[in-house]
Amino acid sequence: MSVILPRHIGFIMDGNGRWATSRGLPRSQGHIAGADTFRRICEYGCDMGIKSMTFYAFSTENWKRPPEEVAALMDIFRDYLKEAQERKAENAQKGMHMHYMGEREGMPEDILELFDTAENESVNATRTTVNIAVNYGGRAEILHSVKRIAGRVAAGELSPDDITEDMITAGLYTAGQPEPDIIVRPSGEQRISNFMIWQSAYSEFWYTDKLWPDFTTDDFDQIIEDYSKRNRRFGGV
């Protein structure tokens, strides 16, 4: 069987809190373990040559979590981005371009500045784009794109009859990237959870009962093997 690499893989990094709770640890320790898994899987996918990877790290709904858990997550983002700054030469050599994907409003300014620095300094890296979805919601993303189009209509630049699906796609955070070929959800859950709901119209899905911190490169290899066996018809025969 020939191996078919997905161009774009989406990862819903689920199960960090349950991983910690099952070990009698604070939920924040699960997020730290999940961040370690993210680093490992991110680098493995880049070495493999995956064109785009999107990691769902923090949704717009996650602000409802306990304040101490939200604060711990924000600290993890800070630590990762500072580490990425220290490793920017290595990441550049790997060809890894980092891209913030989400609403900016409500996010701590220092984290946004760190994301902007990481994105700008890796803009010439073209092997793999790593989208980190933070303060992200799929519906909000579509709304963001539609509002841009509505502004053009209000300005008389565009007629409503001229609006196309491509215009909406062009206004999404993933503009210019391939749509996700496969979306991975660990932790036993089997729902999309407001993740790339426009882009995933024809995505394959891959589920596992493993919690995200237990996810391994062997699991990544299994995803590629399973994806290579799928027959994607996109509504055809």
# chains A, B, ... in the order shown; residues from 1 in each chain; ligands from 1
>>> select_by_dssp(residues="region 39-230 of chain A", states="helix (DSSP H, G or I)", output="VMD selection string")
chain A and resid 39 to 48 60 to 64 67 to 86 88 to 94 109 to 121 138 to 154 160 to 162 165 to 170 212 to 214 217 to 229
>>> closest_atom_pairs(of="region 22-62 of chain A", to="region 185-193 of chain A", cutoff="10 Å", atoms="only C-alpha atoms", output="CSV")
residue,atom,partner,partner_atom,distance
A:Tyr56,CA,A:Ser193,CA,9.9
A:Ser59,CA,A:Ser193,CA,8.9
A:Glu61,CA,A:Ser193,CA,9.7
>>> write_last_selection(atoms="N, CA and C atoms", output="PDB file, in the first residue's frame")
ATOM      1  N   TYR A  56      -6.089  22.665  18.014  1.00  0.00           N
ATOM      2  CA  TYR A  56      -7.150  23.364  18.749  1.00  0.00           C
ATOM      3  C   TYR A  56      -6.733  23.425  20.216  1.00  0.00           C
ATOM      4  N   SER A  59     -10.648  27.231  23.043  1.00  0.00           N
ATOM      5  CA  SER A  59     -11.817  27.693  22.296  1.00  0.00           C
ATOM      6  C   SER A  59     -12.400  28.947  22.927  1.00  0.00           C
ATOM      7  N   GLU A  61     -15.237  29.127  23.997  1.00  0.00           N
ATOM      8  CA  GLU A  61     -16.055  28.652  25.113  1.00  0.00           C
ATOM      9  C   GLU A  61     -15.202  28.325  26.350  1.00  0.00           C
TER      10      GLU A  61
END
>>> closest_residue(among="A:Ala154, A:Leu112, A:Ile4, A:Met53", to="Glu179 (chain A)", atoms="only C-alpha atoms")
A:Met53
>>> closest_residue(among="A:Gln222, A:Trp212, A:Ala57, A:Arg233", to="Asp14 (chain A)", atoms="only C-alpha atoms")
A:Trp212
>>> residues_around(residues="region 35-43 of chain A", least_positions_apart="3", cutoff="6 Å", atoms="only C-alpha atoms", output="JSON list (two decimals) with N, CA, C and O atoms, in the first residue's frame")
[["chain", "number", "residue", "atom", "x", "y", "z"],
["A", 32, "ILE", "N", -0.05, 20.92, 30.99],
["A", 32, "ILE", "CA", 1.41, 20.92, 30.78],
["A", 32, "ILE", "C", 1.82, 19.66, 30.03],
["A", 32, "ILE", "O", 2.63, 19.73, 29.08],
["A", 46, "CYS", "N", 5.99, 17.91, 11.08],
["A", 46, "CYS", "CA", 6.83, 18.77, 10.24],
["A", 46, "CYS", "C", 7.91, 17.95, 9.56],
["A", 46, "CYS", "O", 8.14, 18.09, 8.34],
["A", 213, "PRO", "N", -2.59, 13.75, 26.24],
["A", 213, "PRO", "CA", -1.21, 13.60, 26.74],
["A", 213, "PRO", "C", -0.60, 12.24, 26.47],
["A", 213, "PRO", "O", 0.63, 12.11, 26.48]]
>>> residues_around(residues="region 62-69 of chain A", least_positions_apart="2", cutoff="10 Å", atoms="only C-alpha atoms", output="PDB file with all heavy atoms, in the first residue's frame")
ATOM      1  N   GLY A  17      -7.389  17.604  31.019  1.00  0.00           N
ATOM      2  CA  GLY A  17      -7.888  17.681  32.384  1.00  0.00           C
ATOM      3  C   GLY A  17      -8.206  16.319  32.957  1.00  0.00           C
ATOM      4  O   GLY A  17      -7.873  16.011  34.113  1.00  0.00           O
ATOM      5  N   PRO A  26      -3.565  18.187  39.716  1.00  0.00           N
ATOM      6  CA  PRO A  26      -4.345  19.360  39.296  1.00  0.00           C
ATOM      7  C   PRO A  26      -4.525  19.349  37.781  1.00  0.00           C
ATOM      8  O   PRO A  26      -3.658  18.881  37.037  1.00  0.00           O
ATOM      9  CB  PRO A  26      -3.466  20.542  39.735  1.00  0.00           C
ATOM     10  CG  PRO A  26      -2.519  19.995  40.745  1.00  0.00           C
ATOM     11  CD  PRO A  26      -2.298  18.564  40.382  1.00  0.00           C
ATOM     12  N   ARG A  27      -5.636  19.883  37.304  1.00  0.00           N
ATOM     13  CA  ARG A  27      -5.909  19.901  35.870  1.00  0.00           C
ATOM     14  C   ARG A  27      -4.805  20.623  35.100  1.00  0.00           C
ATOM     15  O   ARG A  27      -4.518  20.282  33.949  1.00  0.00           O
ATOM     16  CB  ARG A  27      -7.264  20.566  35.608  1.00  0.00           C
ATOM     17  CG  ARG A  27      -8.455  19.691  35.994  1.00  0.00           C
ATOM     18  CD  ARG A  27      -9.778  20.442  35.802  1.00  0.00           C
ATOM     19  NE  ARG A  27      -9.967  20.850  34.427  1.00  0.00           N
ATOM     20  CZ  ARG A  27     -10.542  20.090  33.491  1.00  0.00           C
ATOM     21  NH1 ARG A  27     -10.947  18.864  33.788  1.00  0.00           N
ATOM     22  NH2 ARG A  27     -10.721  20.553  32.272  1.00  0.00           N
ATOM     23  N   SER A  28      -4.189  21.608  35.729  1.00  0.00           N
ATOM     24  CA  SER A  28      -3.118  22.346  35.061  1.00  0.00           C
ATOM     25  C   SER A  28      -1.962  21.437  34.658  1.00  0.00           C
ATOM     26  O   SER A  28      -1.306  21.663  33.636  1.00  0.00           O
ATOM     27  CB  SER A  28      -2.602  23.473  35.955  1.00  0.00           C
ATOM     28  OG  SER A  28      -2.109  22.964  37.181  1.00  0.00           O
ATOM     29  N   GLN A  29      -1.719  20.379  35.458  1.00  0.00           N
ATOM     30  CA  GLN A  29      -0.648  19.439  35.116  1.00  0.00           C
ATOM     31  C   GLN A  29      -0.986  18.670  33.844  1.00  0.00           C
ATOM     32  O   GLN A  29      -0.096  18.295  33.078  1.00  0.00           O
ATOM     33  CB  GLN A  29      -0.409  18.472  36.277  1.00  0.00           C
ATOM     34  CG  GLN A  29       0.209  19.121  37.498  1.00  0.00           C
ATOM     35  CD  GLN A  29       1.577  19.712  37.196  1.00  0.00           C
ATOM     36  OE1 GLN A  29       2.433  19.053  36.619  1.00  0.00           O
ATOM     37  NE2 GLN A  29       1.770  20.975  37.585  1.00  0.00           N
ATOM     38  N   HIS A  31      -2.624  19.977  31.331  1.00  0.00           N
ATOM     39  CA  HIS A  31      -2.356  20.901  30.221  1.00  0.00           C
ATOM     40  C   HIS A  31      -0.857  20.994  29.934  1.00  0.00           C
ATOM     41  O   HIS A  31      -0.448  21.129  28.776  1.00  0.00           O
ATOM     42  CB  HIS A  31      -2.943  22.269  30.540  1.00  0.00           C
ATOM     43  CG  HIS A  31      -4.439  22.271  30.628  1.00  0.00           C
ATOM     44  ND1 HIS A  31      -5.247  21.837  29.594  1.00  0.00           N
ATOM     45  CD2 HIS A  31      -5.276  22.639  31.646  1.00  0.00           C
ATOM     46  CE1 HIS A  31      -6.515  21.942  29.951  1.00  0.00           C
ATOM     47  NE2 HIS A  31      -6.563  22.427  31.182  1.00  0.00           N
ATOM     48  N   ALA A  57      -6.255  24.599  20.639  1.00  0.00           N
ATOM     49  CA  ALA A  57      -5.658  24.730  21.967  1.00  0.00           C
ATOM     50  C   ALA A  57      -6.594  25.374  22.990  1.00  0.00           C
ATOM     51  O   ALA A  57      -6.538  25.036  24.175  1.00  0.00           O
ATOM     52  CB  ALA A  57      -4.371  25.544  21.872  1.00  0.00           C
ATOM     53  N   PHE A  58      -7.423  26.322  22.544  1.00  0.00           N
ATOM     54  CA  PHE A  58      -8.273  27.053  23.485  1.00  0.00           C
ATOM     55  C   PHE A  58      -9.437  27.652  22.704  1.00  0.00           C
ATOM     56  O   PHE A  58      -9.228  28.478  21.819  1.00  0.00           O
ATOM     57  CB  PHE A  58      -7.462  28.164  24.177  1.00  0.00           C
ATOM     58  CG  PHE A  58      -8.173  28.841  25.308  1.00  0.00           C
ATOM     59  CD1 PHE A  58      -8.142  28.313  26.585  1.00  0.00           C
ATOM     60  CD2 PHE A  58      -8.861  30.032  25.097  1.00  0.00           C
ATOM     61  CE1 PHE A  58      -8.801  28.953  27.638  1.00  0.00           C
ATOM     62  CE2 PHE A  58      -9.515  30.672  26.139  1.00  0.00           C
ATOM     63  CZ  PHE A  58      -9.485  30.126  27.415  1.00  0.00           C
ATOM     64  N   SER A  59     -10.648  27.231  23.043  1.00  0.00           N
ATOM     65  CA  SER A  59     -11.817  27.693  22.296  1.00  0.00           C
ATOM     66  C   SER A  59     -12.400  28.947  22.927  1.00  0.00           C
ATOM     67  O   SER A  59     -12.081  29.313  24.068  1.00  0.00           O
ATOM     68  CB  SER A  59     -12.891  26.593  22.268  1.00  0.00           C
ATOM     69  OG  SER A  59     -13.528  26.490  23.531  1.00  0.00           O
ATOM     70  N   THR A  60     -13.284  29.604  22.196  1.00  0.00           N
ATOM     71  CA  THR A  60     -13.966  30.776  22.735  1.00  0.00           C
ATOM     72  C   THR A  60     -14.832  30.389  23.933  1.00  0.00           C
ATOM     73  O   THR A  60     -15.107  31.226  24.800  1.00  0.00           O
ATOM     74  CB  THR A  60     -14.840  31.428  21.646  1.00  0.00           C
ATOM     75  OG1 THR A  60     -15.666  30.416  21.023  1.00  0.00           O
ATOM     76  CG2 THR A  60     -13.990  32.095  20.581  1.00  0.00           C
ATOM     77  N   ALA A  71      -5.872  30.763  33.635  1.00  0.00           N
ATOM     78  CA  ALA A  71      -4.582  31.424  33.867  1.00  0.00           C
ATOM     79  C   ALA A  71      -3.426  30.467  33.613  1.00  0.00           C
ATOM     80  O   ALA A  71      -2.396  30.862  33.035  1.00  0.00           O
ATOM     81  CB  ALA A  71      -4.529  31.950  35.301  1.00  0.00           C
ATOM     82  N   ALA A  72      -3.585  29.206  34.021  1.00  0.00           N
ATOM     83  CA  ALA A  72      -2.530  28.206  33.797  1.00  0.00           C
ATOM     84  C   ALA A  72      -2.323  27.970  32.309  1.00  0.00           C
ATOM     85  O   ALA A  72      -1.180  27.848  31.833  1.00  0.00           O
ATOM     86  CB  ALA A  72      -2.887  26.902  34.500  1.00  0.00           C
ATOM     87  N   LEU A  73      -3.407  27.943  31.553  1.00  0.00           N
ATOM     88  CA  LEU A  73      -3.301  27.759  30.105  1.00  0.00           C
ATOM     89  C   LEU A  73      -2.582  28.931  29.454  1.00  0.00           C
ATOM     90  O   LEU A  73      -1.736  28.747  28.568  1.00  0.00           O
ATOM     91  CB  LEU A  73      -4.695  27.579  29.497  1.00  0.00           C
ATOM     92  CG  LEU A  73      -5.307  26.187  29.638  1.00  0.00           C
ATOM     93  CD1 LEU A  73      -6.809  26.234  29.403  1.00  0.00           C
ATOM     94  CD2 LEU A  73      -4.647  25.216  28.678  1.00  0.00           C
ATOM     95  N   MET A  74      -2.910  30.141  29.877  1.00  0.00           N
ATOM     96  CA  MET A  74      -2.250  31.318  29.320  1.00  0.00           C
ATOM     97  C   MET A  74      -0.750  31.296  29.618  1.00  0.00           C
ATOM     98  O   MET A  74       0.078  31.662  28.772  1.00  0.00           O
ATOM     99  CB  MET A  74      -2.883  32.596  29.862  1.00  0.00           C
ATOM    100  CG  MET A  74      -4.321  32.811  29.421  1.00  0.00           C
ATOM    101  SD  MET A  74      -4.496  32.923  27.608  1.00  0.00           S
ATOM    102  CE  MET A  74      -6.149  32.223  27.383  1.00  0.00           C
ATOM    103  N   ASP A  75      -0.387  30.831  30.801  1.00  0.00           N
ATOM    104  CA  ASP A  75       1.036  30.715  31.142  1.00  0.00           C
ATOM    105  C   ASP A  75       1.736  29.680  30.260  1.00  0.00           C
ATOM    106  O   ASP A  75       2.901  29.860  29.883  1.00  0.00           O
ATOM    107  CB  ASP A  75       1.196  30.342  32.617  1.00  0.00           C
ATOM    108  CG  ASP A  75       0.954  31.518  33.548  1.00  0.00           C
ATOM    109  OD1 ASP A  75       1.034  32.669  33.079  1.00  0.00           O
ATOM    110  OD2 ASP A  75       0.688  31.275  34.740  1.00  0.00           O
ATOM    111  N   GLY A 106      -9.922  40.107  23.752  1.00  0.00           N
ATOM    112  CA  GLY A 106     -10.025  39.333  24.980  1.00  0.00           C
ATOM    113  C   GLY A 106      -8.760  38.597  25.360  1.00  0.00           C
ATOM    114  O   GLY A 106      -8.617  38.145  26.496  1.00  0.00           O
ATOM    115  N   VAL A 134      -6.320  29.519  19.191  1.00  0.00           N
ATOM    116  CA  VAL A 134      -6.471  30.033  20.545  1.00  0.00           C
ATOM    117  C   VAL A 134      -7.560  31.113  20.534  1.00  0.00           C
ATOM    118  O   VAL A 134      -7.566  31.975  19.655  1.00  0.00           O
ATOM    119  CB  VAL A 134      -5.138  30.622  21.061  1.00  0.00           C
ATOM    120  CG1 VAL A 134      -5.327  31.228  22.452  1.00  0.00           C
ATOM    121  CG2 VAL A 134      -4.046  29.561  21.100  1.00  0.00           C
ATOM    122  N   ASN A 135      -8.439  31.052  21.522  1.00  0.00           N
ATOM    123  CA  ASN A 135      -9.611  31.938  21.513  1.00  0.00           C
ATOM    124  C   ASN A 135     -10.329  31.797  20.169  1.00  0.00           C
ATOM    125  O   ASN A 135     -10.698  32.771  19.523  1.00  0.00           O
ATOM    126  CB  ASN A 135      -9.206  33.398  21.766  1.00  0.00           C
ATOM    127  CG  ASN A 135     -10.383  34.264  22.175  1.00  0.00           C
ATOM    128  OD1 ASN A 135     -11.398  33.771  22.652  1.00  0.00           O
ATOM    129  ND2 ASN A 135     -10.254  35.573  21.981  1.00  0.00           N
ATOM    130  N   TYR A 136     -10.505  30.530  19.786  1.00  0.00           N
ATOM    131  CA  TYR A 136     -11.010  30.210  18.452  1.00  0.00           C
ATOM    132  C   TYR A 136     -12.389  29.561  18.543  1.00  0.00           C
ATOM    133  O   TYR A 136     -12.665  28.730  19.422  1.00  0.00           O
ATOM    134  CB  TYR A 136     -10.059  29.242  17.743  1.00  0.00           C
ATOM    135  CG  TYR A 136     -10.633  28.699  16.454  1.00  0.00           C
ATOM    136  CD1 TYR A 136     -10.514  29.417  15.268  1.00  0.00           C
ATOM    137  CD2 TYR A 136     -11.339  27.496  16.425  1.00  0.00           C
ATOM    138  CE1 TYR A 136     -11.069  28.949  14.091  1.00  0.00           C
ATOM    139  CE2 TYR A 136     -11.900  27.018  15.257  1.00  0.00           C
ATOM    140  CZ  TYR A 136     -11.769  27.744  14.092  1.00  0.00           C
ATOM    141  OH  TYR A 136     -12.332  27.294  12.940  1.00  0.00           O
TER     142      TYR A 136
END
>>> residues_around(residues="Asp116 (chain A)", least_positions_apart="5", cutoff="9 Å", atoms="only C-alpha atoms", output="ChimeraX atom specification")
/A:99-100,111,121
>>> write_last_selection(atoms="all heavy atoms", output="CSV table (one decimal), in the first residue's frame")
chain,number,residue,atom,x,y,z
A,99,HIS,N,1.4,30.2,13.0
A,99,HIS,CA,0.3,31.1,12.6
A,99,HIS,C,-0.8,31.1,13.7
A,99,HIS,O,-1.3,30.0,14.1
A,99,HIS,CB,-0.4,30.6,11.3
A,99,HIS,CG,-1.6,31.4,10.9
A,99,HIS,ND1,-1.5,32.8,10.7
A,99,HIS,CD2,-2.8,31.0,10.7
A,99,HIS,CE1,-2.7,33.2,10.3
A,99,HIS,NE2,-3.6,32.1,10.3
A,100,TYR,N,-1.0,32.3,14.3
A,100,TYR,CA,-2.1,32.4,15.3
A,100,TYR,C,-3.5,32.4,14.6
A,100,TYR,O,-3.7,33.0,13.6
A,100,TYR,CB,-2.0,33.8,16.0
A,100,TYR,CG,-3.1,34.0,17.0
A,100,TYR,CD1,-3.0,33.5,18.3
A,100,TYR,CD2,-4.2,34.9,16.7
A,100,TYR,CE1,-4.0,33.7,19.2
A,100,TYR,CE2,-5.2,35.1,17.6
A,100,TYR,CZ,-5.1,34.5,18.9
A,100,TYR,OH,-6.1,34.8,19.8
A,111,ILE,N,0.7,38.0,25.1
A,111,ILE,CA,0.6,36.7,24.4
A,111,ILE,C,0.4,37.0,22.9
A,111,ILE,O,1.1,36.4,22.1
A,111,ILE,CB,-0.5,35.8,24.9
A,111,ILE,CG1,-0.2,35.4,26.3
A,111,ILE,CG2,-0.7,34.6,24.0
A,111,ILE,CD1,-1.2,34.5,27.0
A,121,GLU,N,8.6,36.2,12.4
A,121,GLU,CA,10.0,35.7,12.2
A,121,GLU,C,10.0,34.4,11.5
A,121,GLU,O,11.1,34.0,11.1
A,121,GLU,CB,10.6,35.5,13.6
A,121,GLU,CG,10.9,36.9,14.3
A,121,GLU,CD,11.6,36.7,15.6
A,121,GLU,OE1,11.6,35.6,16.2
A,121,GLU,OE2,12.2,37.7,16.1
>>> atom_distance(atom1="CA of Pro160 (chain A)", atom2="CA of Leu172 (chain A)")
18.7 Å
>>> closest_residue(among="A:Glu141, A:Asp218, A:Glu165, A:Glu157", to="Glu103 (chain A)", atoms="only C-alpha atoms")
A:Glu141
>>> select_by_dssp(residues="chain A", states="strand (DSSP E or B)", output="PyMOL selection string")
chain A and resi 8-12+52-59+96-101+128-136+182-185+204-207
>>> residues_around(residues="Arg148 (chain A)", least_positions_apart="4", cutoff="8 Å", atoms="only C-alpha atoms", output="PyMOL selection string")
chain A and resi 144+152+171
>>> write_last_selection(atoms="N, CA, C and O atoms", output="short mmCIF file (atom, residue, chain, number, x, y, z; two decimals), in the first residue's frame")
data_model
loop_
_atom_site.label_atom_id
_atom_site.label_comp_id
_atom_site.auth_asym_id
_atom_site.auth_seq_id
_atom_site.Cartn_x
_atom_site.Cartn_y
_atom_site.Cartn_z
N HIS A 144 -16.66 36.38 11.14
CA HIS A 144 -15.59 37.34 10.84
C HIS A 144 -15.45 37.53 9.33
O HIS A 144 -15.35 38.66 8.84
N ARG A 152 -17.98 45.19 2.25
CA ARG A 152 -17.76 45.49 0.83
C ARG A 152 -19.10 45.75 0.13
O ARG A 152 -19.19 46.61 -0.75
N GLY A 171 -11.71 34.71 3.57
CA GLY A 171 -11.74 35.53 4.77
C GLY A 171 -11.53 34.74 6.06
O GLY A 171 -11.58 35.31 7.15
#
>>> residues_around(residues="Val3 (chain A)", least_positions_apart="5", cutoff="10 Å", atoms="only C-alpha atoms", output="list in words")
Ile224, Glu225, Asp226, Tyr227, Ser228 and Lys229 of chain A
>>> atom_distance(atom1="CA of Arg232 (chain A)", atom2="CA of Ile182 (chain A)")
10.8 Å
>>> closest_residue(among="A:Asp79, A:Gln199, A:Phe55, A:Ile12", to="Gly176 (chain A)", atoms="only C-alpha atoms")
A:Gln199
>>> closest_residue(among="A:Met13, A:Ser2, A:Tyr80, A:His8", to="Thr208 (chain A)", atoms="only C-alpha atoms")
A:Met13
>>> atom_distance(atom1="CA of Val184 (chain A)", atom2="CA of Ser145 (chain A)")
25.0 Å
>>> closest_residue(among="A:Val130, A:Leu158, A:Leu81, A:Ile168", to="Val146 (chain A)", atoms="only C-alpha atoms")
A:Ile168
